[in-house]
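Data file: coords_25.cif. Format and content: mmCIF, C-alpha atoms.
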```cif
data_target
#
loop_
_atom_site.label_atom_id
_atom_site.label_comp_id
_atom_site.auth_asym_id
_atom_site.auth_seq_id
_atom_site.Cartn_x
_atom_site.Cartn_y
_atom_site.Cartn_z
CA MET A 224 27.48 -6.22 -7.26
CA THR A 225 28.55 -3.35 -9.49
CA ARG A 226 26.87 -3.08 -12.89
CA PRO A 227 28.73 -2.48 -16.09
CA ASP A 228 27.77 0.78 -17.77
CA THR A 229 25.09 0.64 -20.45
CA ASP A 230 27.52 1.02 -23.36
CA THR A 231 29.56 -1.96 -22.13
CA LEU A 232 26.34 -3.96 -21.74
CA ILE A 233 25.30 -3.14 -25.30
CA GLU A 234 28.73 -4.25 -26.56
CA THR A 235 28.43 -7.54 -24.66
CA LEU A 236 24.89 -8.24 -25.88
CA THR A 237 25.88 -7.42 -29.46
CA ARG A 238 28.92 -9.71 -29.25
CA GLU A 239 26.71 -12.55 -27.95
CA LEU A 240 24.07 -12.11 -30.67
CA GLN A 241 23.13 -15.27 -32.54
CA PRO A 242 20.38 -15.68 -35.14
CA VAL A 243 17.13 -16.92 -33.55
CA GLY A 244 14.12 -18.73 -34.96
CA ARG A 245 10.92 -16.81 -34.38
CA LEU A 246 8.40 -18.42 -32.08
CA ARG A 247 5.19 -19.63 -33.71
CA ALA A 248 1.92 -17.91 -32.79
CA PRO A 249 0.48 -18.97 -29.39
CA ALA A 250 -2.65 -20.39 -31.07
CA VAL A 251 -0.53 -22.64 -33.31
CA ARG A 252 1.53 -23.88 -30.36
CA ALA A 253 -1.66 -24.46 -28.34
CA ALA A 254 -3.08 -26.47 -31.26
CA MET A 255 0.07 -28.63 -31.27
CA TRP A 256 -0.34 -29.51 -27.58
CA LEU A 257 -4.08 -30.10 -28.02
CA GLY A 258 -3.11 -32.42 -30.90
CA VAL A 259 -1.08 -34.49 -28.41
CA VAL A 260 -4.14 -34.64 -26.12
CA GLY A 261 -6.31 -35.64 -29.11
CA GLY A 262 -3.84 -38.39 -30.04
CA LEU A 263 -3.86 -39.72 -26.49
CA GLY A 264 -7.67 -39.60 -26.48
CA THR A 265 -7.82 -41.59 -29.74
CA LEU A 266 -5.47 -44.19 -28.28
CA MET A 267 -7.60 -44.47 -25.12
CA ALA A 268 -10.82 -44.75 -27.15
CA ILE A 269 -9.45 -47.97 -28.66
CA PHE A 270 -9.24 -49.59 -25.20
CA ALA A 271 -12.23 -47.88 -23.55
CA ASP A 272 -15.82 -49.10 -23.37
CA THR A 273 -17.18 -46.43 -25.69
CA SER A 274 -20.62 -48.04 -25.90
CA ALA A 275 -21.03 -47.60 -22.09
CA LEU A 276 -20.02 -43.97 -22.49
CA ALA A 277 -22.52 -43.48 -25.34
CA ARG A 278 -25.32 -45.12 -23.26
CA ARG A 279 -24.58 -42.89 -20.25
CA MET A 280 -24.50 -39.80 -22.43
CA ALA A 281 -27.88 -40.73 -23.89
CA ILE A 282 -29.42 -41.24 -20.41
CA ALA A 283 -27.89 -38.12 -18.81
CA PRO A 284 -27.37 -35.54 -21.53
CA ASP A 285 -26.21 -33.01 -18.90
CA MET A 286 -23.01 -35.05 -18.62
CA TRP A 287 -22.19 -33.42 -21.92
CA VAL A 288 -22.06 -30.11 -20.09
CA SER A 289 -19.34 -31.44 -17.78
CA VAL A 290 -17.45 -32.95 -20.73
CA VAL A 291 -17.73 -29.71 -22.71
CA GLY A 292 -16.70 -27.74 -19.60
CA SER A 293 -13.53 -29.76 -19.04
CA GLY A 294 -12.71 -29.73 -22.78
CA LEU A 295 -13.15 -25.96 -23.03
CA THR A 296 -11.11 -25.48 -19.86
CA ALA A 297 -8.24 -27.49 -21.36
CA ILE A 298 -8.36 -25.47 -24.60
CA THR A 299 -8.67 -22.01 -23.02
CA ALA A 300 -6.14 -22.66 -20.23
CA CYS A 301 -3.66 -23.94 -22.80
CA ILE A 302 -4.15 -20.84 -24.99
CA ALA A 303 -3.81 -18.60 -21.90
CA ALA A 304 -0.57 -20.38 -20.90
CA PHE A 305 0.98 -19.88 -24.36
CA GLN A 306 -0.13 -16.24 -24.47
CA LEU A 307 1.28 -15.54 -20.99
CA SER A 308 4.56 -17.22 -21.91
CA LEU A 309 5.23 -14.16 -24.09
CA PRO A 310 6.70 -11.22 -22.16
CA ASP A 311 4.45 -8.52 -23.63
CA ARG A 312 1.07 -10.16 -23.05
CA ASN A 313 -1.51 -8.83 -20.62
CA GLY A 314 -2.02 -10.72 -17.36
CA ARG A 315 -5.77 -10.71 -18.03
CA TRP A 316 -5.23 -13.69 -20.35
CA ALA A 317 -5.33 -15.70 -17.10
CA LEU A 318 -9.07 -14.98 -16.91
CA LEU A 319 -9.75 -16.74 -20.23
CA PRO A 320 -10.32 -20.24 -18.77
CA VAL A 321 -12.44 -18.99 -15.83
CA PRO A 322 -15.93 -19.29 -17.47
CA ALA A 323 -15.18 -22.78 -18.85
CA ALA A 324 -13.73 -23.88 -15.49
CA LEU A 325 -16.88 -22.61 -13.73
CA LEU A 326 -19.03 -24.56 -16.20
CA TRP A 327 -16.95 -27.68 -15.54
CA ILE A 328 -17.19 -27.31 -11.72
CA VAL A 329 -20.94 -26.51 -11.72
CA ALA A 330 -21.79 -29.38 -14.11
CA SER A 331 -19.72 -31.88 -12.08
CA GLY A 332 -21.38 -30.63 -8.87
CA ALA A 333 -24.85 -30.93 -10.43
CA GLY A 334 -24.14 -34.53 -11.46
CA CYS A 335 -22.99 -35.24 -7.92
CA LEU A 336 -26.19 -33.75 -6.45
CA ARG A 337 -28.33 -35.85 -8.81
CA THR A 338 -26.65 -39.08 -7.65
CA LEU A 339 -27.19 -38.02 -4.04
CA ALA A 340 -30.90 -37.36 -4.76
CA ALA A 341 -31.14 -40.75 -6.44
CA GLY A 342 -30.00 -42.31 -3.16
CA GLU A 343 -26.61 -43.64 -4.28
CA ASN A 344 -24.20 -43.71 -1.43
CA GLY A 345 -20.86 -41.99 -1.52
CA ALA A 346 -18.68 -45.06 -1.10
CA ILE A 347 -15.17 -44.80 -2.49
CA ARG A 348 -16.03 -46.50 -5.76
CA HIS A 349 -13.27 -45.88 -8.19
CA SER A 350 -12.19 -42.68 -6.56
CA LEU A 351 -8.62 -43.69 -5.83
CA GLU A 352 -8.20 -45.17 -9.32
CA CYS A 353 -9.48 -41.87 -10.68
CA LEU A 354 -6.91 -39.97 -8.59
CA VAL A 355 -4.10 -42.14 -9.92
CA PHE A 356 -5.43 -41.81 -13.50
CA LEU A 357 -5.71 -38.03 -13.27
CA VAL A 358 -2.22 -37.62 -11.82
CA LEU A 359 -0.58 -40.12 -14.18
CA VAL A 360 -2.19 -38.63 -17.31
CA SER A 361 -1.62 -35.04 -16.22
CA ALA A 362 2.06 -35.59 -15.45
CA PRO A 363 3.27 -36.25 -19.02
CA LEU A 364 0.82 -33.69 -20.46
CA SER A 365 2.14 -31.08 -18.00
CA ALA A 366 5.73 -32.02 -18.79
CA ILE A 367 5.19 -31.64 -22.55
CA LEU A 368 3.42 -28.32 -21.99
CA ILE A 369 6.19 -26.97 -19.72
CA VAL A 370 8.84 -27.95 -22.30
CA MET A 371 6.84 -26.10 -24.99
CA LEU A 372 6.26 -23.10 -22.72
CA ARG A 373 9.99 -22.88 -21.99
CA ARG A 374 10.49 -21.79 -25.58
CA GLY A 375 8.75 -18.55 -24.66
CA TYR A 376 10.00 -15.96 -22.18
CA ALA A 377 7.51 -15.78 -19.33
CA LEU A 378 7.80 -12.82 -17.02
CA ARG A 379 5.15 -14.42 -14.76
CA PRO A 380 6.42 -18.03 -14.63
CA GLY A 381 4.21 -19.09 -11.71
CA LEU A 382 1.02 -17.95 -13.41
CA VAL A 383 2.03 -19.61 -16.70
CA ALA A 384 2.76 -22.88 -14.90
CA VAL A 385 -0.61 -22.78 -13.11
CA MET A 386 -2.39 -22.21 -16.45
CA GLY A 387 -0.46 -25.16 -17.89
CA GLY A 388 -1.42 -27.29 -14.87
CA LEU A 389 -5.08 -26.36 -15.28
CA ALA A 390 -4.96 -27.29 -18.98
CA ALA A 391 -3.34 -30.66 -18.17
CA ALA A 392 -5.75 -31.40 -15.31
CA ALA A 393 -8.80 -30.52 -17.44
CA ALA A 394 -7.50 -32.63 -20.34
CA ALA A 395 -6.93 -35.57 -17.96
CA ALA A 396 -10.46 -35.14 -16.55
CA LEU A 397 -11.81 -35.10 -20.11
CA LEU A 398 -9.98 -38.33 -20.97
CA LEU A 399 -11.16 -39.90 -17.70
CA ASN A 400 -14.69 -39.97 -19.12
CA PHE A 401 -13.63 -42.95 -21.28
CA PHE A 402 -13.15 -45.02 -18.12
CA HIS A 403 -15.58 -43.25 -15.76
CA PRO A 404 -18.84 -43.03 -17.73
CA PHE A 405 -21.07 -42.06 -14.82
CA ASP A 406 -21.87 -39.03 -12.68
CA ALA A 407 -19.48 -38.28 -9.90
CA VAL A 408 -20.56 -39.13 -6.36
CA ALA A 409 -19.44 -36.89 -3.50
CA THR A 410 -16.21 -38.81 -2.90
CA ASP A 411 -15.40 -38.73 -6.64
CA LEU A 412 -15.89 -34.99 -6.70
CA LEU A 413 -13.73 -34.60 -3.63
CA VAL A 414 -10.99 -36.77 -5.08
CA HIS A 415 -11.18 -34.98 -8.45
CA THR A 416 -10.87 -31.63 -6.70
CA LEU A 417 -7.93 -32.96 -4.70
CA ALA A 418 -6.28 -34.28 -7.88
CA VAL A 419 -6.72 -30.97 -9.73
CA GLY A 420 -5.40 -29.07 -6.70
CA LEU A 421 -2.42 -31.41 -6.52
CA ILE A 422 -1.63 -31.00 -10.23
CA LEU A 423 -1.91 -27.20 -10.02
CA GLY A 424 0.29 -27.14 -6.90
CA ILE A 425 2.99 -29.33 -8.46
CA ASN A 426 2.94 -27.26 -11.64
CA TRP A 427 3.14 -24.01 -9.71
CA ALA A 428 6.04 -25.27 -7.58
CA PHE A 429 8.13 -27.08 -10.17
CA GLY A 430 6.88 -25.71 -13.50
CA GLY A 431 7.20 -22.15 -12.25
CA ARG A 432 10.77 -22.84 -11.14
CA ILE A 433 11.68 -24.47 -14.47
CA LEU A 434 10.22 -21.56 -16.43
CA ASN A 435 11.89 -19.06 -14.11
CA ALA A 436 15.29 -20.72 -14.70
CA ARG A 437 15.32 -19.20 -18.17
CA ARG A 438 15.19 -15.63 -16.84
CA MET B 276 12.93 -3.40 -39.17
CA LEU B 277 16.11 -3.33 -37.05
CA MET B 278 14.64 -5.95 -34.70
CA ALA B 279 13.81 -8.28 -37.57
CA ALA B 280 17.42 -7.89 -38.79
CA ALA B 281 18.67 -8.56 -35.22
CA GLN B 282 16.61 -11.76 -35.12
CA GLY B 283 18.54 -12.81 -38.22
CA GLY B 284 21.87 -12.17 -36.42
CA ASP B 285 22.79 -8.71 -37.85
CA ARG B 286 25.08 -7.29 -35.11
CA THR B 287 25.33 -3.78 -36.55
CA ALA B 288 21.56 -3.47 -36.69
CA TYR B 289 21.30 -4.90 -33.17
CA ALA B 290 23.80 -2.41 -31.65
CA ALA B 291 21.94 0.46 -33.36
CA LEU B 292 18.61 -0.89 -32.15
CA LEU B 293 19.74 -1.21 -28.51
CA LYS B 294 21.07 2.35 -28.51
CA THR B 295 17.81 3.61 -30.05
CA CYS B 296 15.83 1.83 -27.31
CA ILE B 297 17.45 3.69 -24.39
CA PRO B 298 15.41 6.95 -24.56
CA LEU B 299 12.12 5.05 -24.86
CA ILE B 300 12.96 2.74 -21.93
CA SER B 301 14.05 5.74 -19.81
CA ALA B 302 10.80 7.53 -20.58
CA VAL B 303 8.71 4.47 -19.66
CA ALA B 304 10.74 4.01 -16.44
CA ARG B 305 10.18 7.62 -15.41
CA ARG B 306 6.47 7.40 -16.28
CA THR B 307 6.19 4.26 -14.14
CA GLY B 308 7.64 6.18 -11.18
CA ALA B 309 11.28 5.11 -11.15
CA SER B 310 13.59 7.68 -9.56
CA MET B 311 16.53 9.08 -11.53
CA ASP B 312 19.02 6.75 -9.85
CA CYS B 313 16.88 3.72 -10.80
CA VAL B 314 16.40 4.59 -14.47
CA ASP B 315 19.78 3.11 -15.40
CA ASP B 316 18.87 -0.17 -13.68
CA VAL B 317 15.57 -0.32 -15.58
CA VAL B 318 17.34 0.42 -18.89
CA GLN B 319 19.90 -2.33 -18.36
CA GLU B 320 17.39 -4.93 -17.13
CA THR B 321 15.10 -4.18 -20.06
CA LEU B 322 17.97 -4.54 -22.56
CA ILE B 323 18.87 -7.92 -21.01
CA THR B 324 15.19 -8.98 -21.20
CA LEU B 325 14.99 -7.83 -24.82
CA HIS B 326 18.07 -9.92 -25.59
CA GLY B 327 16.62 -13.06 -23.98
CA ALA B 328 13.14 -12.57 -25.43
CA ARG B 329 14.07 -11.41 -28.93
CA HIS B 330 12.80 -14.67 -30.48
CA THR B 331 9.31 -13.98 -29.09
CA TYR B 332 8.93 -10.70 -31.02
CA ASP B 333 6.55 -10.94 -33.94
CA PRO B 334 7.52 -8.38 -36.66
CA ALA B 335 3.83 -8.08 -37.53
CA ARG B 336 3.26 -6.34 -34.18
CA SER B 337 4.42 -2.90 -33.04
CA PHE B 338 8.00 -2.96 -31.72
CA VAL B 339 7.44 0.20 -29.65
CA ALA B 340 4.43 -1.36 -27.88
CA TRP B 341 6.40 -4.60 -27.31
CA LEU B 342 9.40 -2.78 -25.86
CA SER B 343 7.23 -0.43 -23.76
CA THR B 344 5.54 -3.41 -22.10
CA LEU B 345 8.92 -5.02 -21.36
CA ALA B 346 10.28 -1.75 -19.94
CA GLN B 347 7.19 -1.22 -17.79
CA ARG B 348 7.40 -4.75 -16.33
CA ARG B 349 11.10 -4.32 -15.54
CA ALA B 350 10.47 -0.87 -14.01
CA VAL B 351 7.84 -2.40 -11.72
CA ASP B 352 10.32 -5.17 -10.76
CA VAL B 353 13.02 -2.61 -9.93
CA LEU B 354 10.55 -0.50 -7.89
CA ARG B 355 9.39 -3.59 -5.97
CA ARG B 356 12.98 -4.57 -5.22
CA GLN B 357 13.76 -1.04 -4.12
CA GLY B 358 10.66 -1.01 -1.91
CA ARG B 359 11.74 -4.26 -0.28
CA SER B 360 15.24 -2.97 0.44
CA HIS B 361 13.78 0.26 1.87
CA THR B 362 11.77 -1.74 4.42
CA ARG B 363 15.00 -3.40 5.60
CA GLU B 364 17.39 -0.45 5.44
CA VAL B 365 17.03 3.00 7.04
CA HIS B 366 18.93 6.12 5.98
CA ALA B 367 18.99 8.34 9.07
CA PRO B 368 22.25 10.27 9.38
CA ILE B 369 20.98 12.49 12.24
CA ALA B 370 19.89 9.46 14.27
CA TYR B 371 23.32 7.95 13.68
CA GLU B 372 25.11 11.05 14.93
CA ASN B 373 22.91 11.22 18.03
CA TYR B 374 23.47 7.58 18.89
CA ALA B 375 25.29 7.20 22.23
CA SER B 376 28.21 4.87 21.78
CA PRO B 377 28.56 2.26 24.55
CA GLU B 378 32.32 2.87 24.42
CA GLN B 379 33.99 5.83 26.09
CA SER B 380 34.26 9.03 24.16
CA PRO B 381 37.78 10.14 23.14
CA GLU B 382 37.74 12.85 25.85
CA GLN B 383 36.83 10.29 28.52
CA ARG B 384 39.64 8.01 27.32
CA LEU B 385 42.18 10.85 27.55
CA GLU B 386 41.04 11.73 31.10
CA GLU B 387 41.30 8.09 32.13
CA GLN B 388 44.85 7.87 30.71
CA ALA B 389 45.87 11.06 32.55
CA ARG B 390 44.48 9.73 35.84
CA ARG B 391 46.37 6.44 35.41
CA ARG B 392 49.62 8.25 34.63
CA LEU B 393 49.21 10.45 37.73
CA LEU B 394 48.54 7.45 39.97
CA HIS B 395 51.46 5.54 38.46
CA ASP B 396 53.82 8.46 39.16
CA ALA B 397 52.48 8.82 42.71
CA VAL B 398 53.02 5.12 43.46
CA ALA B 399 56.49 5.26 41.89
CA SER B 400 57.45 8.02 44.37
CA LEU B 401 56.79 5.73 47.40
CA SER B 402 59.57 3.82 49.17
CA ALA B 403 60.13 0.16 48.30
CA ALA B 404 58.55 -1.09 51.55
CA GLN B 405 55.49 1.15 51.06
CA LYS B 406 55.09 0.03 47.42
CA GLU B 407 55.26 -3.58 48.59
CA ALA B 408 52.50 -3.02 51.18
CA VAL B 409 50.28 -1.24 48.64
CA ARG B 410 50.75 -4.00 46.06
CA HIS B 411 49.95 -6.90 48.39
CA LEU B 412 47.26 -5.39 50.57
CA ALA B 413 45.51 -2.86 48.29
CA ILE B 414 46.01 -4.06 44.74
CA ASP B 415 46.15 -7.85 45.23
CA GLU B 416 43.72 -7.61 48.19
CA GLN B 417 45.64 -10.15 50.26
CA SER B 418 45.02 -10.61 54.01
CA LEU B 419 47.63 -9.42 56.49
CA ASN B 420 48.70 -13.03 57.14
CA GLN B 421 49.11 -13.77 53.43
CA ALA B 422 51.01 -10.53 52.82
CA ALA B 423 53.26 -11.18 55.85
CA ALA B 424 54.04 -14.69 54.57
CA ALA B 425 54.73 -13.38 51.06
CA THR B 426 56.99 -10.48 52.13
CA SER B 427 58.59 -12.01 55.27
CA ARG B 428 57.61 -8.87 57.19
CA SER B 429 55.57 -8.60 60.37
CA LYS B 430 51.90 -7.70 60.16
CA GLY B 431 52.53 -4.57 62.19
CA ALA B 432 55.24 -3.37 59.78
CA LEU B 433 52.94 -3.98 56.82
CA LYS B 434 50.10 -2.00 58.46
CA VAL B 435 52.43 0.90 59.20
CA ASN B 436 53.86 0.90 55.66
CA LEU B 437 50.35 0.81 54.11
CA HIS B 438 49.13 3.62 56.36
CA ARG B 439 52.18 5.80 55.43
CA ALA B 440 51.80 4.97 51.74
CA LEU B 441 48.12 5.99 51.68
CA ALA B 442 48.90 9.21 53.51
CA ALA B 443 51.67 10.01 51.02
CA LEU B 444 49.42 9.25 48.03
CA ARG B 445 46.58 11.38 49.40
CA THR B 446 48.99 14.27 49.90
CA ARG B 447 50.41 13.91 46.42
CA LEU B 448 47.07 13.45 44.59
CA THR B 449 44.85 15.93 46.46
CA GLY B 450 47.36 18.18 48.08
CA ASP B 451 45.69 17.58 51.54
CA GLY B 452 47.79 16.27 54.38
CA PRO B 453 46.43 14.00 57.14
#
```
Would you write out, as structure tokens, the structure that this file holds?
Amino acid sequence: MTRPDTDTLIETLTRELQPVGRLRAPAVRAAMWLGVVGGLGTLMAIFADTSALARRMAIAPDMWVSVVGSGLTAITACIAAFQLSLPDRNGRWALLPVPAALLWIVASGAGCLRTLAAGENGAIRHSLECLVFLVLVSAPLSAILIVMLRRGYALRPGLVAVMGGLAAAAAAALLLNFFHPFDAVATDLLVHTLAVGLILGINWAFGGRILNARR
Amino acid sequence: MLMAAAQGGDRTAYAALLKTCIPLISAVARRTGASMDCVDDVVQETLITLHGARHTYDPARSFVAWLSTLAQRRAVDVLRRQGRSHTREVHAPIAYENYASPEQSPEQRLEEQARRRLLHDAVASLSAAQKEAVRHLAIDEQSLNQAAAATSRSKGALKVNLHRALAALRTRLTGDGP
């Protein structure tokens, strides 16, 4: 394919120029998506057994660590995704959710070890329901996030989509606590890991392609 | 200032801005390691990116820093693409010239044509009976019986005609008599 010369290109771009609305700051856009998550959480709290959750939190305060870990992962991954959706931002923004994600993984693993030490078996309790919950809640959250991220101009669409997937998966795991107010057993942890991996994979494959279609 | 005006749809400001960007983009491309023949590609790709991403520019931030990052990313993309095509394509003119063609060289073709012409003339100088014997027995590789049936001649006559034809051809082509 032969390229037009630069002067012709400038003429074409100038002819095509239309006024554009400036994009809001990444933090503001992240807050909007987190507001959607908050709204969904409020709606779920109405139907959830919040007293069981409060009792479990009182007995095992370290569950808070896992809840805080997943919440912080959702917030930081969402901020990282919006930052990376801008073409001039540094790729190191992708490291922002790493500490929170580590906290989330370690706290969930610690809860799992405690249930093993307490002699609870690893039967598939609600694991499959959890998988379905995580995937079903993540899907619309991911979709909303991808639509919002498309307003940007990501030069690394795959990375942005993975950050979005991590934010959605962490938010879904946070909301799962309303219906799963106990420590994870080994099968739960395995299924949760599988669900998060699945969500990240789907986001990377499809979200990355959708974001790339803008380029 | 020009970029903020371009975001508002000011075409004159936009054309001026794009032209002003070219030296900066070229400098970034060269600093990133793009060769001279790639600089134009980087400039054009960066201008297209700038056009698509102009709504993401925040006038509170430095335009030069914003554009430099865009130019650097596009320069890296162009270098990667160039690197990929270099692994697939080889520029080796000397190797090409030294490559032995499986076809005959022009000289060989001319020699072959000359030989054929010579043989054709030699066969044309034979008598009709000798030509007939050569065609059936030597060229078509028929047996004596087949050739005799095809020409209505005796096998002896065919053998004699072939023998005389070969002797005449040898004399004509090599100059040696039997």
Val243 in chain A environment, 12 Å, all atoms listed in the file, sequence neighbours closer than 2 positions dropped, as a count of residues only: 21
Selection result for the PyMOL selection byres ((chain A) within 8 of (chain B)) on this file, as a list in words: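 For this structure, the PyMOL selection byres ((chain A) within 8 of (chain B)) captures Thr229, Leu232, Ile233, Glu234, Leu236, Thr237, Arg238, Leu240, Gln241, Pro242, Val243, Gly244, Arg245, Leu246, Leu309, Pro310, Asp311, Gly375, Tyr376 and Arg438 of chain A.
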Given the selection you just returned, output its residues as a file containing C-alpha atoms, formatted as a short mmCIF file (atom, residue, chain, number, x, y, z; two decimals), keeping the file's coordinate frame.
```
data_model
loop_
_atom_site.label_atom_id
_atom_site.label_comp_id
_atom_site.auth_asym_id
_atom_site.auth_seq_id
_atom_site.Cartn_x
_atom_site.Cartn_y
_atom_site.Cartn_z
CA THR A 229 25.09 0.64 -20.45
CA LEU A 232 26.34 -3.96 -21.74
CA ILE A 233 25.30 -3.14 -25.30
CA GLU A 234 28.73 -4.25 -26.56
CA LEU A 236 24.89 -8.24 -25.88
CA THR A 237 25.88 -7.42 -29.46
CA ARG A 238 28.92 -9.71 -29.25
CA LEU A 240 24.07 -12.11 -30.67
CA GLN A 241 23.13 -15.27 -32.54
CA PRO A 242 20.38 -15.68 -35.14
CA VAL A 243 17.13 -16.92 -33.55
CA GLY A 244 14.12 -18.73 -34.96
CA ARG A 245 10.92 -16.81 -34.38
CA LEU A 246 8.40 -18.42 -32.08
CA LEU A 309 5.23 -14.16 -24.09
CA PRO A 310 6.70 -11.22 -22.16
CA ASP A 311 4.45 -8.52 -23.63
CA GLY A 375 8.75 -18.55 -24.66
CA TYR A 376 10.00 -15.96 -22.18
CA ARG A 438 15.19 -15.63 -16.84
#
```
Pairwise distance for CA of Lys434 in chain B and CA of Leu401 in chain B, rounded to one decimal in Å: 15.1 Å
Counting only C-alpha atoms, the residue of A:Leu423, A:Leu378, A:Val251, A:Ile328 that sits nearest Asp352 in chain B: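 Smallest separation from Asp352 in chain B among the options: A:Leu378.
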Given all atoms listed in the file as the counted atoms, nearest of B:Leu437, B:Ala389, B:Met276, B:Ala422 to Gln405 in chain B: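 Of the candidates, the smallest distance to Gln405 in chain B is held by B:Leu437.
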Distance of CA of Leu448 in chain B from CA of Leu385 in chain B, expressed in Å to one decimal place: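 If I compute the distance from CA of Leu385 in chain B to CA of Leu448 in chain B, I get 17.9 Å.
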Leu398 in chain A environment, 10 Å, all atoms listed in the file, sequence neighbours closer than 2 positions dropped, as a ChimeraX atom specification: /A:260-261,263-265,267-268,290,293-294,356-357,360,392-396,400-403
Residues just named, written with C-alpha atoms as a compact mmCIF listing (two decimals), in the frame of the given file:
```
# COMPACT_ATOMS: atom_id res chain seq x y z
CA VAL A 260 -4.14 -34.64 -26.12
CA GLY A 261 -6.31 -35.64 -29.11
CA LEU A 263 -3.86 -39.72 -26.49
CA GLY A 264 -7.67 -39.60 -26.48
CA THR A 265 -7.82 -41.59 -29.74
CA MET A 267 -7.60 -44.47 -25.12
CA ALA A 268 -10.82 -44.75 -27.15
CA VAL A 290 -17.45 -32.95 -20.73
CA SER A 293 -13.53 -29.76 -19.04
CA GLY A 294 -12.71 -29.73 -22.78
CA PHE A 356 -5.43 -41.81 -13.50
CA LEU A 357 -5.71 -38.03 -13.27
CA VAL A 360 -2.19 -38.63 -17.31
CA ALA A 392 -5.75 -31.40 -15.31
CA ALA A 393 -8.80 -30.52 -17.44
CA ALA A 394 -7.50 -32.63 -20.34
CA ALA A 395 -6.93 -35.57 -17.96
CA ALA A 396 -10.46 -35.14 -16.55
CA ASN A 400 -14.69 -39.97 -19.12
CA PHE A 401 -13.63 -42.95 -21.28
CA PHE A 402 -13.15 -45.02 -18.12
CA HIS A 403 -15.58 -43.25 -15.76
```
Between CA of Val355 in chain A and CA of Ala300 in chain A - distance in Å to one decimal: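 Taking CA of Ala300 in chain A and CA of Val355 in chain A, their separation equals 22.1 Å.
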From B:Ala335, B:Val314, B:Leu354, B:Ala397, residue lying nearest Ala443 in chain B [all atoms listed in the file]: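 Between B:Ala335, B:Val314, B:Leu354, B:Ala397, the residue approaching Ala443 in chain B most closely is B:Ala397.
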Grab all the atoms of range 298-301 of chain A that the file lists, wrap them in a box along x, y and z, add 5 Å per side, and give me centre plus edge lengths in Å (one decimal) as AutoDock Vina command-line options.
```
--center_x -6.2 --center_y -23.7 --center_z -22.4 --size_x 15.0 --size_y 13.5 --size_z 14.4
```
Protein/DNA/RNA residues near (1.1, -23.0, -12.2), cut 7 Å, all atoms listed in the file, as a list in words: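 The answer, in the requested form, is Gly381, Leu382, Val383, Ala384, Val385, Met386, Gly387, Gly388, Leu423, Gly424, Asn426, Trp427, Gly430 and Gly431 of chain A.
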Of the listed residues A:Leu434, A:Met280, A:Leu399, A:Leu354, that which approaches Leu307 in chain A most closely, counting only C-alpha atoms: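 Nearest candidate to Leu307 in chain A out of A:Leu434, A:Met280, A:Leu399, A:Leu354: A:Leu434.
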Nearest residue to Arg356 in chain B from the set B:Thr449, B:His438, B:Ala399, B:Cys313 (distances using only C-alpha atoms):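 The answer is B:Cys313, which sits nearest to Arg356 in chain B.
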